[in-house]
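> File data05.txt below, compact mmCIF, C-alpha atoms:
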# COMPACT_ATOMS: atom_id res chain seq x y z
CA VAL B 1 76.80 111.77 75.13
CA GLN B 2 80.16 110.48 74.06
CA LEU B 3 83.60 111.32 75.34
CA GLN B 4 86.42 110.84 72.88
CA ALA B 5 89.91 110.48 74.29
CA SER B 6 92.94 110.88 72.07
CA GLY B 7 96.64 111.56 72.17
CA GLY B 8 98.00 108.29 73.46
CA GLY B 9 100.97 106.56 71.91
CA LEU B 10 104.46 105.26 72.39
CA VAL B 11 107.03 107.53 74.01
CA GLN B 12 110.44 107.05 75.54
CA ALA B 13 110.99 107.56 79.23
CA GLY B 14 111.45 111.24 79.97
CA GLY B 15 109.23 112.28 77.11
CA SER B 16 105.86 114.00 77.08
CA LEU B 17 102.38 113.36 75.79
CA ARG B 18 99.24 115.41 75.80
CA LEU B 19 95.93 113.61 76.04
CA SER B 20 92.69 115.27 75.03
CA CYS B 21 89.09 114.44 75.74
CA ALA B 22 86.25 115.92 73.73
CA ALA B 23 82.56 115.73 74.52
CA SER B 24 80.29 115.08 71.60
CA GLU B 25 77.54 117.45 72.65
CA SER B 26 78.28 121.09 73.24
CA THR B 27 75.17 121.49 75.35
CA PHE B 28 76.17 118.73 77.66
CA THR B 29 76.75 120.08 81.13
CA TYR B 30 78.60 118.48 83.95
CA ASN B 31 80.37 119.63 87.03
CA ALA B 32 83.78 118.04 86.62
CA MET B 33 85.89 115.93 84.35
CA GLY B 34 88.52 113.48 85.36
CA TRP B 35 91.26 111.27 84.06
CA PHE B 36 91.83 107.74 85.28
CA ARG B 37 94.27 105.07 84.18
CA GLN B 38 94.34 101.31 84.28
CA THR B 39 96.91 98.60 83.74
CA PRO B 40 96.11 94.91 83.22
CA GLY B 41 95.08 93.17 86.40
CA LYS B 42 94.77 96.37 88.37
CA GLU B 43 91.89 98.60 89.31
CA ARG B 44 91.31 101.83 87.50
CA GLU B 45 93.00 104.59 89.44
CA PHE B 46 92.40 108.29 89.68
CA VAL B 47 94.83 110.63 87.96
CA ALA B 48 93.34 114.12 87.85
CA ALA B 49 90.14 116.11 87.93
CA ILE B 50 89.03 119.61 87.04
CA LYS B 51 85.83 121.47 87.63
CA TRP B 52 84.11 122.73 84.55
CA ARG B 53 83.37 126.07 86.16
CA GLY B 54 86.07 127.97 87.91
CA SER B 55 89.65 126.91 88.29
CA PRO B 56 89.73 124.08 90.85
CA ARG B 57 91.80 121.17 89.69
CA TYR B 58 93.50 118.28 91.41
CA ILE B 59 96.30 115.90 90.50
CA THR B 60 96.86 112.81 92.54
CA ASP B 61 99.83 113.33 94.83
CA SER B 62 102.14 110.83 93.17
CA LEU B 63 101.84 112.63 89.82
CA LYS B 64 102.04 116.23 90.94
CA GLY B 65 104.83 118.10 89.25
CA ARG B 66 104.70 115.91 86.14
CA PHE B 67 101.03 115.91 85.12
CA THR B 68 98.71 118.87 84.67
CA ILE B 69 95.05 119.05 83.73
CA SER B 70 93.37 121.85 81.86
CA ARG B 71 90.18 122.57 79.99
CA ASP B 72 88.99 124.55 77.00
CA SER B 73 85.40 125.49 77.67
CA ALA B 74 84.86 126.86 74.18
CA LYS B 75 85.90 123.56 72.63
CA ASN B 76 84.33 121.41 75.34
CA THR B 77 87.59 119.58 75.86
CA VAL B 78 89.84 118.70 78.75
CA SER B 79 93.52 117.86 78.41
CA LEU B 80 96.09 116.00 80.43
CA GLN B 81 99.66 117.11 79.90
CA MET B 82 102.10 114.42 80.95
CA ASN B 83 105.78 115.25 81.27
CA SER B 84 108.83 113.31 82.38
CA LEU B 85 107.02 110.10 81.65
CA LYS B 86 108.14 106.90 83.28
CA PRO B 87 107.60 103.27 82.27
CA GLU B 88 105.23 102.89 85.22
CA ASP B 89 102.96 105.50 83.60
CA THR B 90 102.16 102.94 80.93
CA ALA B 91 98.41 102.37 81.03
CA VAL B 92 95.14 102.93 79.27
CA TYR B 93 93.99 106.42 80.15
CA TYR B 94 90.29 107.17 80.42
CA CYS B 95 88.50 110.47 80.60
CA ALA B 96 85.21 110.74 82.41
CA ALA B 97 82.55 113.29 83.26
CA SER B 98 80.75 113.75 86.55
CA ASN B 99 77.44 115.36 87.40
CA ARG B 100 78.16 115.19 91.09
CA ASP B 101 78.05 118.55 92.76
CA TYR B 102 80.90 118.43 95.25
CA SER B 103 82.25 121.60 96.72
CA ALA B 104 85.82 120.35 96.78
CA ILE B 105 87.66 119.17 93.70
CA TYR B 106 89.47 116.47 95.63
CA ASP B 107 86.10 114.78 96.20
CA TYR B 108 86.08 113.75 92.55
CA VAL B 109 88.49 110.86 92.96
CA ASN B 110 86.07 107.94 92.95
CA ILE B 111 85.08 106.04 89.85
CA ARG B 112 81.50 105.75 91.03
CA ASP B 113 81.07 109.53 90.84
CA TYR B 114 81.53 109.56 87.08
CA SER B 115 78.60 108.75 84.81
CA TYR B 116 80.19 109.13 81.39
CA TRP B 117 83.39 107.50 80.17
CA GLY B 118 85.52 107.72 77.09
CA GLN B 119 86.88 104.67 75.34
CA GLY B 120 90.41 104.97 76.66
CA THR B 121 93.68 105.78 74.98
CA LEU B 122 96.82 103.69 75.41
CA VAL B 123 100.00 105.30 76.66
CA THR B 124 103.15 103.21 76.44
CA VAL B 125 106.38 104.49 77.93
CA SER B 126 109.50 102.59 76.94
CA SER B 127 112.58 102.48 79.12
When written as structure tokens, how does the structure in this file appear?


Amino acid sequence: VQLQASGGGLVQAGGSLRLSCAASESTFTYNAMGWFRQTPGKEREFVAAIKWRGSPRYITDSLKGRFTISRDSAKNTVSLQMNSLKPEDTAVYYCAASNRDYSAIYDYVNIRDYSYWGQGTLVTVSS
């Protein structure tokens, strides 16, 4: 199984980007997908997660109001819409898939709960 992240690029502060993550196998099943980001010298941090069935989704508190996560079940993709971008949002963004079966979406915040990872897409926000 491969996860392919795309949509990164260079954007000015205040702009928007939409990241997408596509799974290579349509029959691949998992319980949730998440987005993480990482800057040099720092640990990978949780951004957002969404369950594959139902509507539960969760954005980390510091990004609520600017970032949203959504999925397209028919296309086996999950997207991260990022608005009002700031220079501190600059990072490599990774999508990941989890087979963990948590009842609450906010339980999907730990890296160790994700078994499959995309290659990362770089987002650069200029000031």

> Give me the residues within 6 Å of B:Leu80 as a short mmCIF file (atom, residue, chain, number, x, y, z; two decimals) with C-alpha atoms, keeping the file's coordinate frame, counting all atoms listed in the file and dropping any in the same chain fewer than 2 places off.


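selection.cif, written as the output of this step:
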data_model
loop_
_atom_site.label_atom_id
_atom_site.label_comp_id
_atom_site.auth_asym_id
_atom_site.auth_seq_id
_atom_site.Cartn_x
_atom_site.Cartn_y
_atom_site.Cartn_z
CA ARG B 18 99.24 115.41 75.80
CA LEU B 19 95.93 113.61 76.04
CA THR B 68 98.71 118.87 84.67
CA ILE B 69 95.05 119.05 83.73
#

> Could you check how far atom CA of B:Ser126 sits from atom CA of B:Glu43, in Å to one decimal?

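It comes out at 21.9 Å.
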
> So that I can see what lies close to B:Arg57, please list as a VMD selection string the residues with an atom at most 9 Å from it, counting only C-alpha atoms and leaving out residues fewer than 6 positions away in the same chain.

chain B and resid 48 to 51 68 to 70 105 to 106

> Hey, which of B:Phe46, B:Val11, B:Ser55, B:Cys21 ends up closest to B:Ile111? Count all atoms listed in the file.

B:Phe46

> Provide the atom CA of B:Ala91 to atom CA of B:Tyr108 distance in Å, to one decimal place.

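So the answer is 20.4 Å.
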
> Kindly extract all protein, DNA and RNA residues lying within 12 Å of the coordinates (97.4, 111.9, 82.3) given in the file, considering only C-alpha atoms, and supply them as an NGL selection string.

:B and (5-8 or 16-21 or 34-38 or 45-49 or 58-60 or 62-70 or 78-86 or 89-95 or 120-124)

> To one decimal place, how far is atom CA of B:Trp117 from atom CA of B:Leu3 in Å?

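Rounded to one decimal, the two atoms are 6.2 Å apart.
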
> From the set B:Gly15, B:Gln2, B:Arg53, B:Ala97, which residue has the shortest atom-to-atom contact distance to B:Met33, counting only C-alpha atoms?

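With only C-alpha atoms as the atom set, the closest residue is B:Ala97.
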
> With only C-alpha atoms as the basis for distance, which of B:Tyr116, B:Arg44, B:Val1, B:Asp72 is at the shortest distance from B:Arg100?

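Selected residue with least distance to B:Arg100: B:Tyr116.
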